[in-house]
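Trainee: Sharing entry.csv below, CSV, C-alpha atoms and all ligand atoms:
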chain,number,residue,atom,x,y,z
G,17,MET,CA,-11.0,-19.1,-10.2
G,18,SER,CA,-7.3,-18.9,-9.4
G,19,GLU,CA,-6.3,-18.5,-5.8
G,20,HIS,CA,-5.1,-15.0,-6.7
G,21,VAL,CA,-7.9,-12.5,-6.6
G,22,ILE,CA,-5.8,-10.0,-8.5
G,23,GLU,CA,-3.2,-10.8,-11.1
G,24,ILE,CA,-1.3,-8.0,-12.9
G,25,SER,CA,1.2,-8.8,-15.5
G,26,ASP,CA,3.7,-6.4,-17.2
G,27,LEU,CA,1.3,-3.5,-16.8
G,28,SER,CA,2.6,-0.2,-18.2
G,29,ARG,CA,0.9,3.2,-18.4
G,30,ARG,CA,2.0,6.5,-19.7
G,31,PHE,CA,0.4,9.9,-19.3
G,32,GLY,CA,2.1,12.0,-22.1
G,33,LYS,CA,5.8,11.8,-21.3
G,34,LYS,CA,5.2,10.5,-17.8
G,35,GLN,CA,5.7,6.8,-17.3
G,36,ALA,CA,3.3,6.3,-14.4
G,37,LEU,CA,3.6,2.4,-14.4
G,38,ASP,CA,6.5,0.5,-15.9
G,39,ASN,CA,6.1,-3.3,-16.4
G,40,VAL,CA,4.3,-3.9,-13.1
G,41,SER,CA,3.6,-7.5,-12.2
G,42,LEU,CA,2.0,-8.5,-8.9
G,43,SER,CA,-0.5,-11.0,-7.5
G,44,VAL,CA,-2.8,-10.6,-4.6
G,45,PRO,CA,-3.8,-13.9,-3.0
G,46,GLU,CA,-7.3,-14.6,-1.7
G,47,GLY,CA,-7.7,-13.6,1.9
G,48,ALA,CA,-4.6,-11.3,2.0
G,49,VAL,CA,-4.2,-7.8,3.2
G,50,PHE,CA,-1.9,-6.3,0.6
G,51,GLY,CA,-0.3,-3.0,1.3
G,52,LEU,CA,0.9,-0.9,-1.6
G,53,VAL,CA,3.5,1.7,-0.6
G,54,GLY,CA,5.4,4.4,-2.5
G,55,GLU,CA,6.2,8.1,-2.4
G,56,ASN,CA,3.9,10.7,-3.9
G,57,GLY,CA,3.5,10.1,-7.6
G,58,ALA,CA,4.9,6.6,-7.5
G,59,GLY,CA,1.9,5.2,-9.4
G,60,LYS,CA,-0.3,3.8,-6.6
G,61,THR,CA,-3.6,5.4,-7.6
G,62,THR,CA,-2.9,4.6,-11.3
G,63,LEU,CA,-2.4,0.9,-10.4
G,64,LEU,CA,-5.6,0.8,-8.3
G,65,LYS,CA,-7.5,2.5,-11.1
G,66,HIS,CA,-6.5,-0.3,-13.4
G,67,VAL,CA,-7.7,-2.9,-10.9
G,68,LEU,CA,-11.1,-1.1,-10.8
G,69,GLY,CA,-11.2,-0.9,-14.7
G,70,PHE,CA,-11.2,2.9,-14.7
G,71,LEU,CA,-8.1,2.8,-16.8
G,72,LYS,CA,-7.4,0.5,-19.7
G,73,PRO,CA,-3.9,-1.1,-19.8
G,74,GLN,CA,-1.8,0.4,-22.6
G,75,GLN,CA,0.4,-2.7,-22.1
G,76,GLY,CA,0.0,-5.8,-20.1
G,77,THR,CA,-3.0,-7.4,-18.4
G,78,VAL,CA,-5.1,-7.0,-15.3
G,79,ARG,CA,-7.3,-9.8,-14.0
G,80,VAL,CA,-9.6,-9.5,-11.1
G,81,PHE,CA,-11.5,-12.6,-10.1
G,82,GLY,CA,-10.1,-14.0,-13.3
G,83,LEU,CA,-12.0,-11.3,-15.3
G,84,ASP,CA,-10.9,-8.2,-17.3
G,85,PRO,CA,-12.2,-5.3,-15.3
G,86,VAL,CA,-12.5,-3.1,-18.4
G,87,ALA,CA,-14.4,-5.7,-20.4
G,88,ASP,CA,-16.7,-6.7,-17.5
G,89,PRO,CA,-17.3,-3.8,-15.2
G,90,PRO,CA,-20.4,-5.4,-13.5
G,91,GLY,CA,-18.6,-8.7,-13.0
G,92,VAL,CA,-15.8,-7.0,-11.2
G,93,LEU,CA,-17.0,-3.7,-9.7
G,94,GLY,CA,-20.1,-5.4,-8.1
G,95,ARG,CA,-17.6,-7.5,-6.0
G,96,ILE,CA,-15.4,-4.7,-5.0
G,97,GLY,CA,-15.8,-2.2,-2.1
G,98,HIS,CA,-13.9,0.9,-3.2
G,99,LEU,CA,-12.7,3.9,-1.3
G,100,SER,CA,-11.2,6.5,-3.6
G,101,GLU,CA,-8.4,8.9,-2.6
G,102,THR,CA,-10.7,11.9,-3.2
G,103,ARG,CA,-13.7,10.2,-1.3
G,104,ASP,CA,-16.0,11.6,-4.1
G,105,LEU,CA,-19.4,11.3,-2.5
G,106,PRO,CA,-22.5,13.1,-3.9
G,107,THR,CA,-22.6,16.4,-2.0
G,108,TRP,CA,-26.4,17.1,-2.0
G,109,MET,CA,-27.3,14.0,0.0
G,110,THR,CA,-27.7,13.2,3.7
G,111,ILE,CA,-26.0,10.2,5.1
G,112,ARG,CA,-29.4,8.4,5.1
G,113,GLU,CA,-29.9,9.2,1.4
G,114,LEU,CA,-26.3,8.2,0.7
G,115,PHE,CA,-27.0,4.8,2.2
G,116,GLU,CA,-30.2,4.3,0.3
G,117,PHE,CA,-28.6,5.4,-3.0
G,118,THR,CA,-25.6,3.1,-2.6
G,119,ARG,CA,-27.7,0.2,-1.4
G,120,ALA,CA,-29.6,0.3,-4.7
G,121,PHE,CA,-26.5,-0.8,-6.6
G,122,TYR,CA,-25.6,-3.7,-4.3
G,123,PRO,CA,-28.1,-6.6,-3.9
G,124,LYS,CA,-25.9,-7.9,-1.1
G,125,TRP,CA,-26.0,-4.7,1.0
G,126,ASP,CA,-26.3,-5.7,4.6
G,127,PRO,CA,-28.4,-3.1,6.5
G,128,VAL,CA,-27.6,-4.6,9.9
G,129,TYR,CA,-23.9,-4.4,9.3
G,130,ALA,CA,-24.3,-0.9,7.8
G,131,GLU,CA,-26.0,0.2,10.9
G,132,GLU,CA,-23.3,-1.4,13.1
G,133,LEU,CA,-20.6,0.5,11.2
G,134,ARG,CA,-22.6,3.7,11.3
G,135,MET,CA,-22.7,3.5,15.1
G,136,MET,CA,-19.1,2.6,15.3
G,137,PHE,CA,-18.1,5.4,13.1
G,138,GLU,CA,-20.5,7.8,14.9
G,139,LEU,CA,-22.2,9.1,11.8
G,140,SER,CA,-25.5,10.8,12.1
G,141,LEU,CA,-28.2,9.8,9.5
G,142,ASN,CA,-29.4,13.4,9.0
G,143,GLN,CA,-26.0,15.0,8.4
G,144,LYS,CA,-25.4,16.3,4.9
G,145,VAL,CA,-22.3,15.2,3.0
G,146,PRO,CA,-20.9,18.7,2.5
G,147,THR,CA,-20.9,19.3,6.3
G,148,LEU,CA,-18.9,16.2,7.0
G,149,SER,CA,-15.3,16.7,8.3
G,150,ARG,CA,-12.5,15.0,6.5
G,151,GLY,CA,-12.5,12.2,9.0
G,152,GLN,CA,-16.3,11.7,8.8
G,153,LEU,CA,-16.0,11.7,5.0
G,154,ALA,CA,-13.4,8.9,5.2
G,155,ARG,CA,-15.6,6.9,7.7
G,156,ALA,CA,-18.7,7.3,5.4
G,157,GLY,CA,-16.7,6.3,2.4
G,158,LEU,CA,-15.4,3.3,4.1
G,159,LEU,CA,-18.8,2.3,5.4
G,160,LEU,CA,-20.2,2.4,1.9
G,161,ALA,CA,-17.2,0.2,0.7
G,162,LEU,CA,-17.8,-2.4,3.5
G,163,ALA,CA,-21.5,-2.6,3.9
G,164,HIS,CA,-22.2,-4.8,0.9
G,165,ARG,CA,-19.6,-7.3,2.2
G,166,PRO,CA,-17.5,-7.3,-0.9
G,167,PRO,CA,-15.0,-10.2,-1.4
G,168,LEU,CA,-12.4,-7.5,-2.4
G,169,LEU,CA,-11.7,-4.1,-0.8
G,170,VAL,CA,-9.7,-1.6,-2.8
G,171,LEU,CA,-8.8,1.4,-0.6
G,172,ASP,CA,-6.7,4.3,-1.8
G,173,GLU,CA,-4.9,6.0,1.1
G,174,PRO,CA,-7.7,5.1,3.6
G,175,SER,CA,-6.2,6.9,6.5
G,176,SER,CA,-4.5,9.8,4.7
G,177,GLY,CA,-4.7,13.0,6.7
G,178,LEU,CA,-6.8,11.5,9.4
G,179,ASP,CA,-6.2,11.7,13.1
G,180,PRO,CA,-5.0,8.6,15.0
G,181,VAL,CA,-8.4,7.7,16.4
G,182,VAL,CA,-10.1,7.7,13.0
G,183,ARG,CA,-7.2,5.8,11.6
G,184,LYS,CA,-7.6,3.2,14.2
G,185,ASP,CA,-11.3,2.9,13.3
G,186,ILE,CA,-10.5,2.3,9.7
G,187,LEU,CA,-7.8,-0.2,10.4
G,188,ASP,CA,-9.9,-2.0,12.9
G,189,ALA,CA,-12.7,-2.2,10.3
G,190,ILE,CA,-10.2,-3.6,7.7
G,191,ILE,CA,-8.8,-6.2,10.0
G,192,ARG,CA,-12.1,-7.3,11.3
G,193,THR,CA,-13.6,-7.7,7.8
G,194,VAL,CA,-10.6,-9.6,6.6
G,195,VAL,CA,-9.9,-11.8,9.6
G,196,ASP,CA,-13.6,-12.7,10.2
G,197,GLU,CA,-14.6,-13.4,6.7
G,198,GLY,CA,-11.5,-14.3,4.7
G,199,ARG,CA,-11.9,-11.3,2.4
G,200,THR,CA,-9.1,-9.7,0.4
G,201,VAL,CA,-7.9,-6.1,0.8
G,202,LEU,CA,-5.6,-4.1,-1.5
G,203,PHE,CA,-4.8,-0.7,0.0
G,204,SER,CA,-2.3,2.1,-0.7
G,205,SER,CA,-0.7,4.0,2.1
G,206,HIS,CA,2.3,6.1,3.0
G,207,LEU,CA,1.9,5.4,6.7
G,208,LEU,CA,4.4,2.6,6.9
G,209,ASP,CA,3.8,1.7,10.6
G,210,GLU,CA,0.2,1.0,9.8
G,211,VAL,CA,1.1,-1.0,6.7
G,212,GLN,CA,3.4,-3.1,8.9
G,213,ARG,CA,0.6,-3.6,11.5
G,214,VAL,CA,-2.1,-4.8,9.2
G,215,SER,CA,-0.6,-6.3,6.0
G,216,ASP,CA,0.4,-9.8,5.2
G,217,ARG,CA,2.0,-8.7,1.9
G,218,VAL,CA,3.5,-5.5,0.7
G,219,ALA,CA,4.7,-4.0,-2.6
G,220,ILE,CA,6.9,-1.0,-2.9
G,221,LEU,CA,6.3,1.1,-6.0
G,222,ASP,CA,9.0,3.6,-7.0
G,223,GLN,CA,8.6,5.8,-10.1
G,224,GLY,CA,6.1,3.3,-11.6
G,225,LYS,CA,8.3,0.3,-11.0
G,226,ILE,CA,7.9,-2.5,-8.4
G,227,LEU,CA,11.0,-2.4,-6.2
G,228,LEU,CA,9.9,-5.2,-4.0
G,229,THR,CA,6.8,-7.4,-3.6
G,230,SER,CA,6.8,-10.0,-0.9
G,231,PRO,CA,5.0,-11.4,2.2
G,232,LEU,CA,5.7,-8.9,5.0
G,233,ASP,CA,7.4,-11.5,7.2
G,234,GLU,CA,9.9,-12.2,4.4
G,235,VAL,CA,10.6,-8.5,3.9
G,236,LEU,CA,11.2,-8.1,7.7
G,237,VAL,CA,13.5,-11.1,8.1
G,238,SER,CA,15.5,-10.5,5.0
G,239,HIS,CA,16.6,-7.0,6.2
G,240,TYR,CA,18.7,-6.2,9.3
G,241,GLN,CA,20.4,-3.3,10.9
G,242,LEU,CA,24.0,-3.5,12.2
G,243,THR,CA,25.9,-1.0,14.3
G,244,VAL,CA,29.5,-1.5,13.5
G,245,SER,CA,32.7,0.0,14.9
G,246,PHE,CA,35.9,0.4,12.9
G,247,GLN,CA,39.4,0.5,14.5
G,248,GLU,CA,40.1,3.7,12.8
G,249,PRO,CA,37.8,6.6,12.0
G,250,GLN,CA,36.4,6.2,8.4
G,251,PRO,CA,36.1,9.4,6.3
G,252,PHE,CA,33.2,7.6,4.3
G,253,PHE,CA,31.5,4.3,4.5
G,254,PRO,CA,33.2,1.6,2.4
G,255,GLU,CA,31.4,-0.1,-0.4
G,256,LEU,CA,29.9,-3.4,0.9
G,257,ALA,CA,27.7,-5.9,-0.8
G,258,GLY,CA,24.3,-6.1,0.9
G,259,ALA,CA,24.6,-2.7,2.6
G,260,LEU,CA,21.6,-0.6,1.4
G,261,THR,CA,22.2,2.6,3.5
G,262,TRP,CA,24.6,3.8,6.2
G,263,SER,CA,24.7,6.6,8.6
G,264,GLY,CA,27.3,7.7,11.1
G,265,SER,CA,30.8,9.1,11.1
G,266,GLY,CA,34.2,8.4,12.4
G,267,ARG,CA,34.4,4.9,13.9
G,268,GLU,CA,30.8,4.0,14.5
G,269,TRP,CA,28.2,3.5,11.7
G,270,LYS,CA,24.7,2.1,11.4
G,271,ILE,CA,23.9,0.1,8.3
G,272,ILE,CA,20.7,-1.3,6.9
G,273,CYS,CA,21.4,-4.5,4.9
G,274,ASN,CA,19.5,-6.9,2.7
G,275,GLY,CA,20.5,-10.6,2.6
G,276,GLN,CA,24.1,-11.6,2.1
G,277,LYS,CA,24.8,-11.8,5.8
G,278,GLN,CA,27.8,-14.1,5.7
G,279,GLU,CA,29.5,-12.2,3.0
G,280,LEU,CA,29.0,-9.0,4.8
G,281,GLU,CA,30.3,-10.4,8.1
G,282,VAL,CA,33.5,-11.6,6.3
G,283,ALA,CA,33.9,-8.3,4.6
G,284,LEU,CA,33.5,-6.4,7.9
G,285,GLN,CA,36.1,-8.8,9.5
G,286,GLU,CA,38.5,-8.0,6.7
G,287,LEU,CA,38.0,-4.3,7.4
G,288,LYS,CA,38.6,-5.0,11.1
G,289,ALA,CA,35.2,-3.7,11.9
G,290,GLU,CA,33.3,-5.1,14.9
G,291,ILE,CA,29.6,-5.7,15.0
G,292,LEU,CA,28.4,-4.0,18.2
G,293,GLU,CA,24.6,-4.6,17.7
G,294,GLN,CA,22.1,-6.2,15.4
G,295,ASN,CA,18.5,-5.0,15.2
G,296,SER,CA,15.4,-5.6,13.1
G,297,PRO,CA,14.5,-2.5,11.1
G,298,THR,CA,10.9,-1.4,10.8
G,299,LEU,CA,9.1,-1.5,7.5
G,300,GLU,CA,9.5,2.3,7.4
G,301,GLU,CA,13.3,2.0,7.8
G,302,ILE,CA,13.4,-0.7,5.2
G,303,PHE,CA,11.4,1.4,2.8
G,304,VAL,CA,13.6,4.4,3.2
G,305,ALA,CA,16.7,2.2,2.8
G,306,ARG,CA,15.4,0.6,-0.4
G,307,MET,CA,14.4,4.0,-1.8
G,308,LYS,CA,17.8,5.5,-1.1
G,309,SER,CA,19.6,2.5,-2.5
G,310,ALA,CA,17.4,2.6,-5.7
G,311,ALA,CA,18.1,6.3,-6.1
G,312,ARG,CA,21.8,5.8,-5.7
G,313,SER,CA,21.8,2.9,-8.3
G,314,SER,CA,19.9,5.0,-10.8
G,315,PHE,CA,22.3,8.0,-10.2
G,316,GLU,CA,25.3,5.7,-10.8
G,317,GLU,CA,23.9,4.2,-14.0
G,401,LIG,N1,-4.7,11.6,-15.6
G,401,LIG,C1,-3.4,11.9,-15.5
G,401,LIG,N2,-2.8,12.7,-16.4
G,401,LIG,C2,-1.5,13.0,-16.4
G,401,LIG,N3,-0.7,12.5,-15.4
G,401,LIG,C3,-1.2,11.7,-14.5
G,401,LIG,C4,-2.6,11.3,-14.5
G,401,LIG,N4,-2.8,10.5,-13.5
G,401,LIG,C5,-1.6,10.3,-12.9
G,401,LIG,N5,-0.6,11.1,-13.5
G,401,LIG,C6,0.8,11.1,-13.2
G,401,LIG,O1,1.3,9.8,-13.0
G,401,LIG,C7,2.2,9.7,-11.9
G,401,LIG,C8,1.6,8.6,-10.9
G,401,LIG,O2,0.5,9.2,-10.3
G,401,LIG,P1,-0.4,8.5,-9.2
G,401,LIG,O3,-1.5,9.4,-8.8
G,401,LIG,O4,-0.7,7.1,-9.6
G,401,LIG,O5,0.7,8.4,-7.9
G,401,LIG,P2,0.4,8.0,-6.4
G,401,LIG,O6,1.5,7.0,-6.0
G,401,LIG,O7,-1.0,7.6,-6.2
G,401,LIG,O8,0.7,9.4,-5.7
G,401,LIG,P3,0.0,10.1,-4.4
G,401,LIG,O9,0.6,9.3,-3.2
G,401,LIG,O10,0.5,11.5,-4.5
G,401,LIG,O11,-1.4,9.9,-4.5
G,401,LIG,C9,2.3,11.1,-11.3
G,401,LIG,O12,3.4,11.7,-11.9
G,401,LIG,C10,1.1,11.8,-11.8
G,401,LIG,O13,1.3,13.2,-11.9
Show me, as structure tokens, the structure contained in the file I just sent.
Ligand SMILES: Nc1ncnc2c1ncn2[C@@H]1O[C@H](COP(=O)(O)OP(=O)(O)OP(=O)(O)O)[C@@H](O)[C@H]1O

Mentor:
Amino acid sequence: MSEHVIEISDLSRRFGKKQALDNVSLSVPEGAVFGLVGENGAGKTTLLKHVLGFLKPQQGTVRVFGLDPVADPPGVLGRIGHLSETRDLPTWMTIRELFEFTRAFYPKWDPVYAEELRMMFELSLNQKVPTLSRGQLARAGLLLALAHRPPLLVLDEPSSGLDPVVRKDILDAIIRTVVDEGRTVLFSSHLLDEVQRVSDRVAILDQGKILLTSPLDEVLVSHYQLTVSFQEPQPFFPELAGALTWSGSGREWKIICNGQKQELEVALQELKAEILEQNSPTLEEIFVARMKSAARSSFEE
């Protein structure tokens, strides 16, 4: 098997007139925690559904463990722990029945680990699924995804709408699984601070297109924030290569930049602007800057 657990090449998908995925290519290496971020409707769930084999590529290829997930569902799905965005669990069951039911599908179900997770997630065996709160539903769904110790976890918005304590449980579980056992995680999220905390790699999806896919460290070091002061008040910020976004007014402006540091410094000197401060932006600030910059470029086209 290649060292990439997931390989997606030129994947495109339309729903009617809507281009949900547009020539998406990305690879998820073995042992990585891969965070997929994007605004609502960016195509994250559609991408994950292709990885799971729930959707057939209209164009391009998807390989998971070197296999086609549509052609070989048992070969792929049996090795994936999956948490869907809608957490669709059978509503007539108790937690105990849910465990027994799910266990039947997975020969590698680990009852000791399942019990450990149940205690950690404070789930009662006799509780019925329809009475579970949103947080409990997410914990139960995550437990089912983890308890057969799959080599790949695919989690769609695992912490969406949950309170911080539950979110931390979920993230801890992800990190522990991955760090301890060298497993691979692909998850989608719009909580950028969490993506930054747990991921080694990230991809930004924007209107079905990959805007960026890179190791997290590289994303963070290749972006920087400058506070600059001009000698004269500026009615608007000048066009500068490498500047993704800017905010401010008059003499002082903050800019978020990508690469091209030397060119930018020279250009600022020519404009008689002084760099007052340099900071490292968060993933969230980078995400917002990249989205705004992409929107500006498509508006200008
Ligand atoms: N079965 C479908 N039929 C029609 N349109 C669809 C279908 N599934 C997805 N879409 C459309 O494709 C686009 C991408 O949807 P998708 O659910 O993949 O986005 P997302 O990034 O997961 O969004 P969210 O963060 O809101 O869950 C959206 O415009 C959505 O309305």

Trainee: By how many Å are atom N3 of ligand LIG 401 (chain G) and atom CA of Ala156 of chain G apart?

Mentor: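 Distance between the two atoms: 28.0 Å.
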
Trainee: Taking 4 positions as the minimum chain separation for residues in the same chain, which residues sit within 12 Å of Ser140 of chain G when counting all atoms listed in the file? Answer as a list in words.

Mentor: Thr110, Ile111, Arg112, Glu113, Leu114, Phe115, Glu131, Leu133, Arg134, Met135, Met136, Lys144, Val145, Thr147, Leu148, Gln152, Leu153, Arg155 and Ala156 of chain G

Trainee: Grab me every residue within 6 Å of ligand LIG 401 (chain G), counting all atoms listed in the file, and send it over as a PyMOL selection string.

Mentor: chain G and resi 31+36+54-62

Trainee: Print the selection's residues with C-alpha atoms to a file, as a tab-separated table (two decimals), keeping the file's coordinate frame.

Mentor:
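The file below, selection-v7.tsv, is the result:
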chain	number	residue	atom	x	y	z
G	31	PHE	CA	0.40	9.90	-19.30
G	36	ALA	CA	3.30	6.30	-14.40
G	54	GLY	CA	5.40	4.40	-2.50
G	55	GLU	CA	6.20	8.10	-2.40
G	56	ASN	CA	3.90	10.70	-3.90
G	57	GLY	CA	3.50	10.10	-7.60
G	58	ALA	CA	4.90	6.60	-7.50
G	59	GLY	CA	1.90	5.20	-9.40
G	60	LYS	CA	-0.30	3.80	-6.60
G	61	THR	CA	-3.60	5.40	-7.60
G	62	THR	CA	-2.90	4.60	-11.30

Trainee: Neighbouring residues of segment 255-271 of chain G were defined as those with any atom within 9 Å, considering only C-alpha atoms; residues of the same chain fewer than 2 positions away were excluded. Please report them as an MDAnalysis selection string.

Mentor: chainID G and resid 240:253 273:277 279:280 283:284 289 304:306 308:310

Trainee: To one decimal place in Å, what is the distance between atom CA of Pro166 of chain G and atom CA of Pro231 of chain G?

Mentor: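 Spanning atom CA of Pro166 of chain G to atom CA of Pro231 of chain G is a straight-line distance of 23.1 Å.
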
Trainee: Just want the 10 Å neighbourhood of Arg183 of chain G, counted on only C-alpha atoms, with same-chain residues fewer than 5 positions away dropped. Output as a list in words.

Mentor: Gly151, Ala154, Arg155, Pro174, Ser175, Ser176, Gly177, Leu178, Asp188, Ala189 and Glu210 of chain G

Trainee: Once you have the residues from the selection above, write them out as a PDB file, keeping the file's coordinate frame, restricted to C-alpha atoms.

Mentor:
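And here's selection.pdb as it stands now:
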ATOM      1  CA  GLY G 151     -12.500  12.200   9.000  1.00  0.00           C
ATOM      2  CA  ALA G 154     -13.400   8.900   5.200  1.00  0.00           C
ATOM      3  CA  ARG G 155     -15.600   6.900   7.700  1.00  0.00           C
ATOM      4  CA  PRO G 174      -7.700   5.100   3.600  1.00  0.00           C
ATOM      5  CA  SER G 175      -6.200   6.900   6.500  1.00  0.00           C
ATOM      6  CA  SER G 176      -4.500   9.800   4.700  1.00  0.00           C
ATOM      7  CA  GLY G 177      -4.700  13.000   6.700  1.00  0.00           C
ATOM      8  CA  LEU G 178      -6.800  11.500   9.400  1.00  0.00           C
ATOM      9  CA  ASP G 188      -9.900  -2.000  12.900  1.00  0.00           C
ATOM     10  CA  ALA G 189     -12.700  -2.200  10.300  1.00  0.00           C
ATOM     11  CA  GLU G 210       0.200   1.000   9.800  1.00  0.00           C
TER      12      GLU G 210
END

Trainee: Of the candidates G:Pro106, G:Glu23, G:Glu116, G:Phe121, which shows the shortest atom-to-atom distance to Val78 of chain G, using only C-alpha atoms?

Mentor: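 For Val78 of chain G, the nearest of the candidates is G:Glu23.
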
Trainee: Using all atoms listed in the file for the distances, tell me which of G:Val128, G:Val237, G:Ala163, G:Leu232 is nearest to Leu208 of chain G.

Mentor: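 Closest to Leu208 of chain G, using all atoms listed in the file: G:Leu232.
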
Trainee: Go through G:Thr107, G:Asn39, G:Ser28, G:Ser100 and flag the residue nearest Pro73 of chain G, using all atoms listed in the file for the distances.

Mentor: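 Among the listed residues, G:Ser28 lies closest to Pro73 of chain G.
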
Trainee: Can you measure atom CA of Ile302 of chain G to atom CA of His239 of chain G for me? One decimal in Å is fine.

Mentor: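 Atom-to-atom, atom CA of Ile302 of chain G and atom CA of His239 of chain G are spaced 7.1 Å apart.
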
Trainee: Excluding segment 41-50 of chain G and any residue of its chain fewer than 2 positions from it, enumerate the residues within 6 Å of it, using only C-alpha atoms, and give them as an NGL selection string.

Mentor: :G and (19-26 or 198-202 or 215-218)

Trainee: Leaving out Leu187 of chain G and any residue of its chain fewer than 5 positions from it, which residues lie within 10 Å of it when counting only C-alpha atoms, given as a PyMOL selection string?

Mentor: chain G and resi 174-175+181-182+192-193+210-211+213-214

Trainee: Between G:Leu236, G:Leu171, G:Ile272, G:Asp179, single out the one closest to Ser205 of chain G, counting all atoms listed in the file.

Mentor: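 Checking each of G:Leu236, G:Leu171, G:Ile272, G:Asp179 against Ser205 of chain G, counting all atoms listed in the file, the winner is G:Leu171.
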
Trainee: Check the smallest atom-to-atom distance from each of G:Ile186, G:Asp38, G:Glu132, G:Ala120 to Gln75 of chain G using only C-alpha atoms, then report the winner.

Mentor: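 Of G:Ile186, G:Asp38, G:Glu132, G:Ala120, the one nearest Gln75 of chain G, counting only C-alpha atoms, is G:Asp38.
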
Trainee: Tell me, counting all atoms listed in the file, for each residue of segment 88-141 of chain G within 7 Å of segment 158-162 of chain G, which pair of atoms is nearest and how far apart they are in Å to one decimal, in rows ordered by chain and increasing number, as JSON lines.

Mentor:
{"residue": "G:Gly97", "atom": "CA", "partner": "G:Ala161", "partner_atom": "CA", "distance": 3.9}
{"residue": "G:His98", "atom": "CA", "partner": "G:Ala161", "partner_atom": "CA", "distance": 5.2}
{"residue": "G:Leu99", "atom": "CA", "partner": "G:Leu158", "partner_atom": "CA", "distance": 6.1}
{"residue": "G:Ala130", "atom": "CA", "partner": "G:Leu159", "partner_atom": "CA", "distance": 6.8}
{"residue": "G:Leu133", "atom": "CA", "partner": "G:Leu159", "partner_atom": "CA", "distance": 6.3}
